[in-house]
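So this one's upload-v6.pdb, PDB, C-alpha atoms:
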ATOM      1  CA  MET A 166     -16.141 -18.195   5.969  1.00  0.00           C
ATOM      2  CA  PHE A 167     -12.583 -17.265   6.960  1.00  0.00           C
ATOM      3  CA  SER A 168     -10.845 -18.599  10.015  1.00  0.00           C
ATOM      4  CA  LYS A 169      -9.007 -16.084  12.171  1.00  0.00           C
ATOM      5  CA  GLU A 170      -5.859 -18.215  12.237  1.00  0.00           C
ATOM      6  CA  ASN A 171      -5.275 -17.771   8.513  1.00  0.00           C
ATOM      7  CA  LEU A 172      -5.696 -14.001   8.610  1.00  0.00           C
ATOM      8  CA  LYS A 173      -2.092 -13.654   9.861  1.00  0.00           C
ATOM      9  CA  ILE A 174      -0.930 -14.665   6.395  1.00  0.00           C
ATOM     10  CA  TYR A 175      -2.510 -11.506   4.954  1.00  0.00           C
ATOM     11  CA  LEU A 176       0.023  -9.392   6.873  1.00  0.00           C
ATOM     12  CA  ILE A 177       2.617 -10.548   4.360  1.00  0.00           C
ATOM     13  CA  TRP A 178       0.985  -8.548   1.544  1.00  0.00           C
ATOM     14  CA  PRO A 179       1.396  -5.076   3.089  1.00  0.00           C
ATOM     15  CA  ILE A 180       4.951  -5.893   4.168  1.00  0.00           C
ATOM     16  CA  SER A 181       5.806  -7.050   0.646  1.00  0.00           C
ATOM     17  CA  VAL A 182       4.296  -3.933  -0.903  1.00  0.00           C
ATOM     18  CA  LEU A 183       6.199  -1.675   1.494  1.00  0.00           C
ATOM     19  CA  LEU A 184       9.464  -3.475   0.784  1.00  0.00           C
ATOM     20  CA  ALA A 185       8.933  -3.287  -2.985  1.00  0.00           C
ATOM     21  CA  THR A 186       8.085   0.414  -2.729  1.00  0.00           C
ATOM     22  CA  PHE A 187      11.179   1.074  -0.623  1.00  0.00           C
ATOM     23  CA  PHE A 188      13.476  -0.684  -3.101  1.00  0.00           C
ATOM     24  CA  ARG A 189      11.805   1.108  -6.020  1.00  0.00           C
ATOM     25  CA  LEU A 190      12.262   4.539  -4.424  1.00  0.00           C
ATOM     26  CA  TYR A 191      15.828   3.731  -3.408  1.00  0.00           C
ATOM     27  CA  GLY A 192      16.620   2.646  -6.971  1.00  0.00           C
ATOM     28  CA  VAL A 193      15.097   5.804  -8.440  1.00  0.00           C
ATOM     29  CA  LEU A 194      16.897   8.135  -6.028  1.00  0.00           C
ATOM     30  CA  ASN A 195      20.270   6.328  -6.199  1.00  0.00           C
ATOM     31  CA  PRO A 196      20.531   4.738  -9.645  1.00  0.00           C
ATOM     32  CA  GLU A 197      24.263   4.029  -9.444  1.00  0.00           C
ATOM     33  CA  GLY A 198      24.184   2.886  -5.819  1.00  0.00           C
ATOM     34  CA  LEU A 199      22.256  -0.318  -6.463  1.00  0.00           C
ATOM     35  CA  LEU A 200      24.485  -3.129  -7.658  1.00  0.00           C
ATOM     36  CA  ILE A 201      22.699  -6.143  -9.078  1.00  0.00           C
ATOM     37  CA  ASN A 202      24.487  -9.469  -8.898  1.00  0.00           C
ATOM     38  CA  ASN A 203      23.378 -13.078  -9.027  1.00  0.00           C
ATOM     39  CA  TYR A 204      23.106 -13.465  -5.256  1.00  0.00           C
ATOM     40  CA  LEU A 205      20.857 -10.416  -4.944  1.00  0.00           C
ATOM     41  CA  VAL A 206      18.584 -11.744  -7.682  1.00  0.00           C
ATOM     42  CA  LEU A 207      18.374 -15.145  -5.961  1.00  0.00           C
ATOM     43  CA  LEU A 208      17.597 -13.458  -2.642  1.00  0.00           C
ATOM     44  CA  LEU A 209      14.841 -11.319  -4.147  1.00  0.00           C
ATOM     45  CA  VAL A 210      13.309 -14.246  -6.047  1.00  0.00           C
ATOM     46  CA  PHE A 211      13.449 -16.976  -3.412  1.00  0.00           C
ATOM     47  CA  GLY A 212      13.630 -14.924  -0.192  1.00  0.00           C
ATOM     48  CA  PRO A 213       9.917 -14.124   0.197  1.00  0.00           C
ATOM     49  CA  ALA A 214       8.936 -17.731  -0.503  1.00  0.00           C
ATOM     50  CA  LEU A 215      11.391 -18.961   2.118  1.00  0.00           C
ATOM     51  CA  VAL A 216      10.088 -16.491   4.697  1.00  0.00           C
ATOM     52  CA  VAL A 217       6.475 -17.530   4.049  1.00  0.00           C
ATOM     53  CA  THR A 218       7.449 -21.204   4.241  1.00  0.00           C
ATOM     54  CA  MET A 219       9.261 -20.670   7.548  1.00  0.00           C
ATOM     55  CA  ILE A 220       6.265 -18.810   8.998  1.00  0.00           C
ATOM     56  CA  LEU A 221       3.873 -21.572   7.969  1.00  0.00           C
ATOM     57  CA  VAL A 222       6.144 -24.352   9.259  1.00  0.00           C
ATOM     58  CA  PHE A 223       6.760 -22.647  12.601  1.00  0.00           C
ATOM     59  CA  ASN A 224       3.024 -22.054  13.033  1.00  0.00           C
ATOM     60  CA  LYS A 225       2.351 -25.740  12.462  1.00  0.00           C
ATOM     61  CA  ILE A 226       5.131 -26.836  14.851  1.00  0.00           C
ATOM     62  CA  LEU A 227       4.279 -24.393  17.625  1.00  0.00           C
TER      63      LEU A 227
END

Can you turn what I pasted into structure tokens?
Amino acid sequence: MFSKENLKIYLIWPISVLLATFFRLYGVLNPEGLLINNYLVLLLVFGPALVVTMILVFNKIL
């Protein structure tokens, strides 16, 4: 039903959850230490999609 090659993609979910949890805890513990600017918002919105795209492209090339 599932091919073993595509199971590597499911490693992205735990990494994403851990990163989100880390940023949430950091924001709660240091509320004034987290500066939000436009570049940070762009990085958080488009960064994960770019990482996933790079992983998929490199897997196809290699």

Centre, x/y/z edge lengths, axis-aligned box for range 194-197 of chain A with 6 Å per side, as lines of an AutoDock Vina configuration file:
center_x = 20.6
center_y = 6.1
center_z = -7.8
size_x = 19.4
size_y = 16.1
size_z = 15.6

What is the CA of Ile226 in chain A to CA of Pro179 in chain A distance in Å?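 Calculated distance between CA of Ile226 in chain A and CA of Pro179 in chain A is 25.0 Å.
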
Which value, in Å to one decimal, gives the distance between CA of Ser181 in chain A and CA of Pro213 in chain A?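 CA of Ser181 in chain A sits 8.2 Å away from CA of Pro213 in chain A.
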
Between CA of Ile220 in chain A and CA of Ile177 in chain A, what is the distance, to one decimal in Å?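 Atom-to-atom, CA of Ile220 in chain A to CA of Ile177 in chain A, that is 10.2 Å.
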